[in-house]
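Peer 1: Supplied structure: model.cif, mmCIF, C-alpha atoms.
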data_structure
loop_
_atom_site.group_PDB
_atom_site.id
_atom_site.type_symbol
_atom_site.label_atom_id
_atom_site.label_comp_id
_atom_site.auth_asym_id
_atom_site.auth_seq_id
_atom_site.Cartn_x
_atom_site.Cartn_y
_atom_site.Cartn_z
ATOM 1 C CA MET A 1 4.731 -0.541 -13.368
ATOM 2 C CA GLN A 2 1.676 -1.115 -11.194
ATOM 3 C CA ILE A 3 1.973 -3.469 -8.234
ATOM 4 C CA ARG A 4 -0.040 -6.577 -9.137
ATOM 5 C CA HIS A 5 -0.454 -9.423 -6.682
ATOM 6 C CA PRO A 6 -1.647 -12.908 -7.734
ATOM 7 C CA VAL A 7 -5.085 -14.181 -6.745
ATOM 8 C CA PHE A 8 -5.653 -17.931 -6.926
ATOM 9 C CA VAL A 9 -8.990 -18.945 -8.433
ATOM 10 C CA ILE A 10 -10.511 -22.263 -7.385
ATOM 11 C CA LEU A 11 -12.639 -23.653 -10.228
ATOM 12 C CA PRO A 12 -14.687 -26.835 -10.702
ATOM 13 C CA LEU A 13 -13.046 -28.725 -13.571
ATOM 14 C CA VAL A 14 -16.260 -29.676 -15.367
ATOM 15 C CA ASP A 15 -15.968 -28.360 -18.914
ATOM 16 C CA ASP A 16 -14.339 -25.565 -20.888
ATOM 17 C CA ALA A 17 -17.643 -23.738 -21.359
ATOM 18 C CA HIS A 18 -17.987 -23.202 -17.610
ATOM 19 C CA THR A 19 -14.348 -22.137 -17.236
ATOM 20 C CA SER A 20 -14.630 -19.706 -20.159
ATOM 21 C CA GLU A 21 -17.778 -18.116 -18.781
ATOM 22 C CA VAL A 22 -16.670 -17.911 -15.157
ATOM 23 C CA PHE A 23 -12.930 -17.275 -15.466
ATOM 24 C CA ASP A 24 -12.312 -15.732 -18.905
ATOM 25 C CA ARG A 25 -15.425 -13.543 -19.056
ATOM 26 C CA GLY A 26 -15.927 -12.960 -15.353
ATOM 27 C CA ILE A 27 -13.266 -13.386 -12.686
ATOM 28 C CA GLN A 28 -10.185 -12.551 -14.760
ATOM 29 C CA PRO A 29 -11.412 -9.216 -16.200
ATOM 30 C CA ALA A 30 -12.893 -8.231 -12.826
ATOM 31 C CA LEU A 31 -9.628 -8.856 -10.968
ATOM 32 C CA ASP A 32 -7.577 -7.290 -13.752
ATOM 33 C CA GLY A 33 -9.675 -4.143 -13.456
ATOM 34 C CA CYS A 34 -8.795 -3.976 -9.759
ATOM 35 C CA GLY A 35 -5.063 -4.498 -10.344
ATOM 36 C CA PHE A 36 -4.757 -8.216 -9.548
ATOM 37 C CA ASP A 37 -3.547 -11.196 -11.609
ATOM 38 C CA ALA A 38 -5.955 -14.144 -11.674
ATOM 39 C CA ILE A 39 -4.291 -17.599 -11.541
ATOM 40 C CA SER A 40 -6.158 -20.865 -12.154
ATOM 41 C CA VAL A 41 -5.394 -24.517 -12.854
ATOM 42 C CA ASP A 42 -6.904 -24.535 -16.339
ATOM 43 C CA ARG A 43 -5.456 -21.263 -17.555
ATOM 44 C CA ASN A 44 -1.953 -21.336 -16.045
ATOM 45 C CA ALA A 45 -0.684 -24.848 -16.853
ATOM 46 C CA ILE A 46 -0.841 -25.988 -13.244
ATOM 47 C CA GLN A 47 -1.007 -29.745 -12.733
ATOM 48 C CA ARG A 48 -4.597 -30.839 -12.225
ATOM 49 C CA GLY A 49 -5.685 -32.107 -8.846
ATOM 50 C CA ILE A 50 -4.499 -31.410 -5.329
ATOM 51 C CA SER A 51 -0.770 -30.849 -5.571
ATOM 52 C CA GLU A 52 2.095 -28.987 -3.974
ATOM 53 C CA GLU A 53 1.942 -26.509 -6.851
ATOM 54 C CA ILE A 54 -1.633 -25.598 -5.970
ATOM 55 C CA TYR A 55 -0.708 -25.260 -2.291
ATOM 56 C CA LYS A 56 2.168 -22.985 -3.280
ATOM 57 C CA ARG A 57 -0.049 -20.808 -5.468
ATOM 58 C CA ILE A 58 -2.608 -20.432 -2.677
ATOM 59 C CA ARG A 59 0.129 -19.474 -0.189
ATOM 60 C CA GLN A 60 1.536 -16.872 -2.585
ATOM 61 C CA SER A 61 -1.848 -15.316 -3.330
ATOM 62 C CA TYR A 62 -3.165 -12.092 -1.905
ATOM 63 C CA PHE A 63 -6.516 -13.809 -1.454
ATOM 64 C CA VAL A 64 -8.544 -16.599 -3.078
ATOM 65 C CA VAL A 65 -11.724 -16.579 -5.180
ATOM 66 C CA ALA A 66 -13.564 -19.933 -5.063
ATOM 67 C CA ASP A 67 -16.292 -21.013 -7.475
ATOM 68 C CA LEU A 68 -18.218 -23.778 -5.701
ATOM 69 C CA SER A 69 -20.603 -24.449 -8.579
ATOM 70 C CA HIS A 70 -21.112 -28.173 -9.293
ATOM 71 C CA GLU A 71 -20.099 -29.001 -5.684
ATOM 72 C CA ARG A 72 -16.739 -30.528 -6.583
ATOM 73 C CA PRO A 73 -14.799 -32.124 -3.667
ATOM 74 C CA ASN A 74 -11.450 -30.733 -4.862
ATOM 75 C CA CYS A 75 -12.835 -27.193 -4.628
ATOM 76 C CA TYR A 76 -13.942 -27.750 -1.033
ATOM 77 C CA TYR A 77 -10.563 -29.271 -0.203
ATOM 78 C CA GLU A 78 -8.694 -26.259 -1.611
ATOM 79 C CA VAL A 79 -10.992 -23.822 0.211
ATOM 80 C CA GLY A 80 -10.276 -25.741 3.422
ATOM 81 C CA TYR A 81 -6.536 -25.482 2.843
ATOM 82 C CA ALA A 82 -6.792 -21.725 2.204
ATOM 83 C CA HIS A 83 -8.793 -21.270 5.406
ATOM 84 C CA ALA A 84 -6.295 -23.380 7.372
ATOM 85 C CA ILE A 85 -3.403 -21.059 6.474
ATOM 86 C CA GLY A 86 -5.459 -17.904 7.088
ATOM 87 C CA LYS A 87 -5.929 -16.902 3.464
ATOM 88 C CA PRO A 88 -9.130 -14.880 2.822
ATOM 89 C CA VAL A 89 -11.551 -16.687 0.482
ATOM 90 C CA LEU A 90 -14.341 -14.995 -1.462
ATOM 91 C CA ILE A 91 -16.904 -17.700 -2.309
ATOM 92 C CA ILE A 92 -19.120 -17.507 -5.383
ATOM 93 C CA CYS A 93 -21.394 -20.044 -7.059
ATOM 94 C CA LYS A 94 -23.872 -20.285 -9.898
ATOM 95 C CA GLY A 95 -27.454 -19.573 -8.874
ATOM 96 C CA GLY A 96 -29.176 -22.693 -7.548
ATOM 97 C CA THR A 97 -25.985 -24.320 -6.242
ATOM 98 C CA SER A 98 -26.247 -25.999 -2.829
ATOM 99 C CA ILE A 99 -23.379 -25.069 -0.522
ATOM 100 C CA HIS A 100 -22.488 -28.031 1.697
ATOM 101 C CA SER A 101 -23.014 -27.762 5.430
ATOM 102 C CA ASN A 102 -19.364 -27.280 6.372
ATOM 103 C CA LEU A 103 -19.248 -24.023 4.367
ATOM 104 C CA SER A 104 -22.938 -23.067 4.258
ATOM 105 C CA HIS A 105 -22.548 -20.731 7.245
ATOM 106 C CA LEU A 106 -19.991 -18.626 5.350
ATOM 107 C CA LYS A 107 -21.007 -15.666 3.224
ATOM 108 C CA HIS A 108 -21.252 -16.579 -0.460
ATOM 109 C CA TYR A 109 -22.560 -14.841 -3.559
ATOM 110 C CA SER A 110 -24.514 -16.151 -6.533
ATOM 111 C CA PHE A 111 -23.923 -15.316 -10.197
ATOM 112 C CA THR A 112 -25.649 -16.036 -13.502
ATOM 113 C CA ASP A 113 -22.917 -15.357 -16.064
ATOM 114 C CA GLY A 114 -19.552 -13.675 -16.589
ATOM 115 C CA ALA A 115 -21.004 -10.170 -16.667
ATOM 116 C CA SER A 116 -22.725 -10.687 -13.317
ATOM 117 C CA ILE A 117 -19.420 -11.920 -11.832
ATOM 118 C CA ILE A 118 -17.696 -8.708 -12.936
ATOM 119 C CA ARG A 119 -20.395 -6.615 -11.266
ATOM 120 C CA LEU A 120 -20.301 -8.814 -8.164
ATOM 121 C CA LEU A 121 -16.538 -8.695 -7.631
ATOM 122 C CA LYS A 122 -16.234 -4.969 -8.299
ATOM 123 C CA GLU A 123 -18.970 -4.369 -5.740
ATOM 124 C CA LYS A 124 -17.767 -6.787 -3.052
ATOM 125 C CA LEU A 125 -13.953 -6.591 -3.228
ATOM 126 C CA PRO A 126 -13.551 -3.209 -1.451
ATOM 127 C CA SER A 127 -15.417 -4.506 1.618
ATOM 128 C CA PHE A 128 -13.909 -7.998 1.363
ATOM 129 C CA LEU A 129 -10.406 -6.468 1.613
ATOM 130 C CA GLU A 130 -11.245 -4.113 4.488
ATOM 131 C CA THR A 131 -8.699 -3.879 7.304
ATOM 132 C CA ALA A 132 -9.604 -5.654 10.538
ATOM 133 C CA ASP A 133 -9.278 -4.156 14.001
ATOM 134 C CA ARG A 134 -5.667 -4.159 15.157
ATOM 135 C CA VAL A 135 -3.846 -3.523 18.423
ATOM 136 C CA HIS A 136 -4.322 -0.154 20.086
ATOM 137 C CA ASP A 137 -0.835 1.135 19.169
ATOM 138 C CA ASP A 138 -1.450 0.606 15.439
ATOM 139 C CA THR A 139 -2.263 4.286 15.175
ATOM 140 C CA ARG A 140 -3.475 4.345 11.543
ATOM 141 C CA ASN A 141 -5.825 1.386 11.888
ATOM 142 C CA GLY A 142 -9.419 2.406 11.201
ATOM 143 C CA LYS A 143 -8.501 6.065 10.658
ATOM 144 C CA PHE A 144 -8.729 5.980 6.851
ATOM 145 C CA GLY A 145 -12.007 4.181 6.246
ATOM 146 C CA ARG A 146 -10.546 0.616 6.198
ATOM 147 C CA LYS A 147 -10.778 0.205 2.386
ATOM 148 C CA CYS A 148 -7.743 -0.150 0.087
ATOM 149 C CA ILE A 149 -10.011 0.287 -2.976
ATOM 150 C CA ARG A 150 -12.218 3.347 -3.235
ATOM 151 C CA GLY A 151 -13.299 5.897 -5.827
ATOM 152 C CA GLY A 152 -11.278 4.393 -8.665
ATOM 153 C CA TYR A 153 -8.004 4.231 -6.682
ATOM 154 C CA ARG A 154 -6.182 1.341 -5.012
ATOM 155 C CA LEU A 155 -3.578 1.407 -2.236
ATOM 156 C CA SER A 156 -1.172 -1.517 -2.479
ATOM 157 C CA ALA A 157 2.231 -2.589 -1.187
ATOM 158 C CA LYS A 158 4.893 -5.173 -1.859
ATOM 159 C CA ILE A 159 7.987 -6.419 -0.080
ATOM 160 C CA GLU A 160 11.162 -5.582 -1.992
ATOM 161 C CA LYS A 161 13.811 -7.050 0.278
ATOM 162 C CA CYS A 162 14.064 -8.481 3.753
ATOM 163 C CA THR A 163 17.073 -8.911 5.971
ATOM 164 C CA ASN A 164 17.370 -9.676 9.661
ATOM 165 C CA LYS A 165 14.975 -7.407 11.580
ATOM 166 C CA LYS A 166 14.469 -5.103 8.582
ATOM 167 C CA CYS A 167 12.148 -5.039 5.587
ATOM 168 C CA LEU A 168 12.033 -2.691 2.595
ATOM 169 C CA ILE A 169 8.601 -2.189 1.085
ATOM 170 C CA THR A 170 7.063 -0.126 -1.701
ATOM 171 C CA LEU A 171 3.734 1.615 -1.217
ATOM 172 C CA GLU A 172 1.638 2.582 -4.212
ATOM 173 C CA VAL A 173 -1.582 4.400 -5.014
ATOM 174 C CA SER A 174 -2.765 3.735 -8.557
ATOM 175 C CA THR A 175 -5.848 4.536 -10.595
ATOM 176 C CA ILE A 176 -8.019 1.566 -11.541
ATOM 177 C CA SER A 177 -10.779 3.550 -13.230
ATOM 178 C CA ALA A 178 -10.758 5.667 -16.379
ATOM 179 C CA THR A 179 -12.698 8.379 -14.532
ATOM 180 C CA ALA A 180 -10.171 8.755 -11.685
ATOM 181 C CA CYS A 181 -7.817 11.735 -11.899
ATOM 182 C CA ARG A 182 -4.353 10.585 -12.998
ATOM 183 C CA ASN A 183 -2.498 13.637 -11.707
ATOM 184 C CA GLY A 184 -2.130 15.373 -8.372
ATOM 185 C CA LYS A 185 -0.475 14.530 -5.063
ATOM 186 C CA VAL A 186 -0.834 11.559 -2.749
ATOM 187 C CA LYS A 187 -0.008 11.597 0.959
ATOM 188 C CA PHE A 188 1.136 8.316 2.500
ATOM 189 C CA TYR A 189 0.702 7.900 6.253
ATOM 190 C CA MET A 190 3.055 5.490 8.017
ATOM 191 C CA HIS A 191 3.088 4.657 11.719
ATOM 192 C CA GLU A 192 3.608 7.782 13.821
ATOM 193 C CA TRP A 193 6.862 6.347 15.201
ATOM 194 C CA TYR A 194 8.544 6.749 11.804
ATOM 195 C CA ASN A 195 11.009 9.627 11.374
ATOM 196 C CA LYS A 196 8.821 10.972 8.576
ATOM 197 C CA PRO A 197 5.348 9.536 9.154
ATOM 198 C CA VAL A 198 3.740 11.478 6.271
ATOM 199 C CA GLN A 199 5.256 11.465 2.791
ATOM 200 C CA THR A 200 3.854 13.328 -0.232
ATOM 201 C CA ILE A 201 4.332 11.769 -3.691
ATOM 202 C CA THR A 202 3.126 13.140 -7.030
ATOM 203 C CA LEU A 203 0.879 11.024 -9.229
ATOM 204 C CA HIS A 204 2.511 10.367 -12.594
ATOM 205 C CA ASP A 205 0.250 8.856 -15.212
ATOM 206 C CA GLY A 206 -2.067 7.512 -12.556
ATOM 207 C CA CYS A 207 0.540 6.093 -10.176
ATOM 208 C CA ALA A 208 2.276 7.397 -7.041
ATOM 209 C CA ARG A 209 4.992 5.185 -5.503
ATOM 210 C CA TYR A 210 6.685 5.569 -2.151
ATOM 211 C CA GLU A 211 9.768 3.365 -2.505
ATOM 212 C CA GLU A 212 12.285 1.860 -0.087
ATOM 213 C CA VAL A 213 10.128 2.347 2.972
ATOM 214 C CA THR A 214 11.984 0.724 5.862
ATOM 215 C CA SER A 215 9.995 -1.265 8.391
ATOM 216 C CA ASN A 216 11.648 -2.948 11.339
ATOM 217 C CA ASP A 217 8.986 -2.815 14.024
ATOM 218 C CA GLY A 218 5.937 -4.613 12.674
ATOM 219 C CA PRO A 219 3.343 -4.809 9.889
ATOM 220 C CA TRP A 220 1.448 -1.654 10.718
ATOM 221 C CA THR A 221 -1.606 -0.258 8.976
ATOM 222 C CA VAL A 222 -0.851 2.513 6.462
ATOM 223 C CA GLY A 223 -3.124 5.182 5.004
ATOM 224 C CA ALA A 224 -3.221 7.386 1.934
ATOM 225 C CA THR A 225 -5.165 10.418 0.760
ATOM 226 C CA ILE A 226 -5.438 12.025 -2.679
ATOM 227 C CA ASP A 227 -5.239 15.827 -2.645
ATOM 228 C CA GLY A 228 -8.289 17.586 -4.037
ATOM 229 C CA THR A 229 -10.564 14.635 -3.223
ATOM 230 C CA ASN A 230 -12.207 13.191 -0.137
ATOM 231 C CA ILE A 231 -10.758 9.737 -0.870
ATOM 232 C CA ARG A 232 -9.036 7.990 2.020
ATOM 233 C CA LEU A 233 -7.400 4.576 1.582
ATOM 234 C CA GLU A 234 -6.199 2.097 4.196
ATOM 235 C CA LEU A 235 -4.092 -1.068 4.024
ATOM 236 C CA ASP A 236 -2.881 -3.547 6.645
ATOM 237 C CA LEU A 237 0.665 -4.462 5.599
ATOM 238 C CA ALA A 238 0.318 -7.862 7.286
ATOM 239 C CA THR A 239 -2.126 -8.899 4.532
ATOM 240 C CA ILE A 240 0.249 -8.509 1.572
ATOM 241 C CA PRO A 241 1.914 -11.661 0.164
ATOM 242 C CA GLY A 242 5.030 -12.650 2.084
ATOM 243 C CA ALA A 243 4.474 -10.278 4.994
ATOM 244 C CA LYS A 244 3.548 -12.816 7.637
ATOM 245 C CA ASP A 245 6.367 -15.143 6.585
ATOM 246 C CA TRP A 246 8.926 -12.504 7.472
ATOM 247 C CA TRP A 247 7.421 -10.396 10.227
ATOM 248 C CA TYR A 248 5.998 -13.187 12.342
ATOM 249 C CA ARG A 249 8.754 -15.750 11.895
ATOM 250 C CA ASP A 250 11.848 -13.568 12.087
ATOM 251 C CA CYS A 251 10.665 -10.673 14.205
ATOM 252 C CA PHE A 252 8.215 -12.254 16.595
ATOM 253 C CA ASP A 253 8.951 -15.999 16.382
ATOM 254 C CA LEU A 254 5.244 -16.773 16.073
ATOM 255 C CA ALA A 255 5.314 -19.028 13.014
#
Could you quickly redo this structure as structure tokens?

Peer 2:
Amino acid sequence: MQIRHPVFVILPLVDDAHTSEVFDRGIQPALDGCGFDAISVDRNAIQRGISEEIYKRIRQSYFVVADLSHERPNCYYEVGYAHAIGKPVLIICKGGTSIHSNLSHLKHYSFTDGASIIRLLKEKLPSFLETADRVHDDTRNGKFGRKCIRGGYRLSAKIEKCTNKKCLITLEVSTISATACRNGKVKFYMHEWYNKPVQTITLHDGCARYEEVTSNDGPWTVGATIDGTNIRLELDLATIPGAKDWWYRDCFDLA
């Protein structure tokens, strides 16, 4: 089964027509097509308003998509909370919306309807999720083009189990486009300090999984290539849900 991380969607609670257009016909199908699960207050039976449940969902998300149409205070509050805990936020709004001064300096994108949101997210997500510059001894950082989504493929990871000073993760390359080849071989590139820094896994029905990868020395950047193509994928393991909670608290005492 494909690795699918949750993405919390901040929506203005104005009327069902807006939610249906923006979430049901725009954000949800766009994220689904990229291998993510969209979560929102209206569509996932979360208590309305600012609540611990919303905070929890934001913390558990891979990133956040915020619709600031209608300039609702609760939306700004939730964006502020996401920023405060270091969660990436992709801001969108209906054309003609005024973005308030405290967020106006941030990059935001306008839409007209659900179809334009799908086009927008599919275009912007690969760059939005790019890896940032890391320390000099993160040897894979920047070597694989910085994008975890490219050419109809996505590189993802999830934490399976953590114990003291040790974490087991699963790496996965999956197809997210009908035109991407669903067979072949994928090479995963771990940190060069690993006993076997390069591992080759065969794609089966559009998915190659490298399981029970042991990490006990930090959330390094990983890379992947698909044989027979020029596609190179890159992912910073520190960005996946739960990674910072374990690595920084238990390994480095930085929480």

Peer 1: For this file, the PyMOL selection byres ((chain A and resi 62-76) around 9) selects which residues, as number ranges by chain?

Peer 2: A: 5-14, 22, 27, 36, 49-50, 58-61, 77-82, 87-100, 103, 129, 239-241

Peer 1: Smallest atom-to-atom distance to Arg140 in chain A: which of A:Lys161, A:His18, A:His105, A:His191, using all atoms listed in the file?

Peer 2: A:His191

Peer 1: Just the residues within 6 Å of range 174-189 of chain A, please, counting only C-alpha atoms, with nothing from its chain fewer than 3 positions along; format it as number ranges by chain.

Peer 2: A: 34, 152-154, 197-203, 205-207, 222-227

Peer 1: May I ask which of the residues A:Phe128, A:Leu121, A:Asp37, A:Asn141 is the closest one to Ile3 in chain A, counting only C-alpha atoms?

Peer 2: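 Closest residue, counting only C-alpha atoms: A:Asp37.
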
Peer 1: Nearest residue to Gln2 in chain A out of A:Ile231, A:Cys167, A:Ala157, A:Ala238, using all atoms listed in the file?

Peer 2: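 Of all the options, A:Ala157 lies closest to Gln2 in chain A.
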
Peer 1: Between CA of Leu120 in chain A and CA of Ile39 in chain A, measure the distance and give it in Å to one decimal.

Peer 2: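 Separation of CA of Leu120 in chain A and CA of Ile39 in chain A: 18.6 Å.
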
Peer 1: For each of A:Thr139, A:Ser101, A:Thr131, A:Ser215, take the minimum atom-to-atom distance to Ile169 in chain A, counting only C-alpha atoms, then give the residue where this is smallest.

Peer 2: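 For Ile169 in chain A, the nearest of the candidates is A:Ser215.
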
Peer 1: Identify all residues satisfying the PyMOL selection byres ((chain A and resi 155) around 6) in the given file; provide them as a PyMOL selection string.

Peer 2: chain A and resi 148+154+156+172-173

Peer 1: How many Å separate CA of Met1 in chain A from CA of Leu31 in chain A?

Peer 2: 16.8 Å

Peer 1: For a quick check of understanding, using all atoms listed in the file, which of A:Ser116, A:Thr221, A:Thr214, A:Ser51 has the smallest distance to Val135 in chain A?

Peer 2: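 Closest to Val135 in chain A, using all atoms listed in the file: A:Thr221.
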
Peer 1: Mind pulling up the distance from CA of Val41 in chain A to CA of Tyr55 in chain A?

Peer 2: 11.6 Å

Peer 1: Could you write out as lines of an AutoDock Vina configuration file the box around range 16-20 of chain A (axis-aligned, all atoms listed in the file, 5 Å on each side), with centre and edge lengths in Å to one decimal?

Peer 2:
center_x = -16.2
center_y = -22.6
center_z = -19.3
size_x = 13.6
size_y = 15.9
size_z = 14.1

Peer 1: Can you pull out every residue within 7 Å of Ala115 in chain A, counting all atoms listed in the file, but drop anything in the same chain fewer than 3 positions away, and send it as a tab-separated table (two decimals) with C-alpha atoms, in the coordinates of the input?

Peer 2:
chain	number	residue	atom	x	y	z
A	25	ARG	CA	-15.42	-13.54	-19.06
A	26	GLY	CA	-15.93	-12.96	-15.35
A	118	ILE	CA	-17.70	-8.71	-12.94
A	119	ARG	CA	-20.40	-6.62	-11.27

Peer 1: When distances are computed from all atoms listed in the file, which of A:Glu21, A:Asp245, A:Lys143, A:Asp16 shows the smallest separation from Phe111 in chain A?

Peer 2: A:Glu21
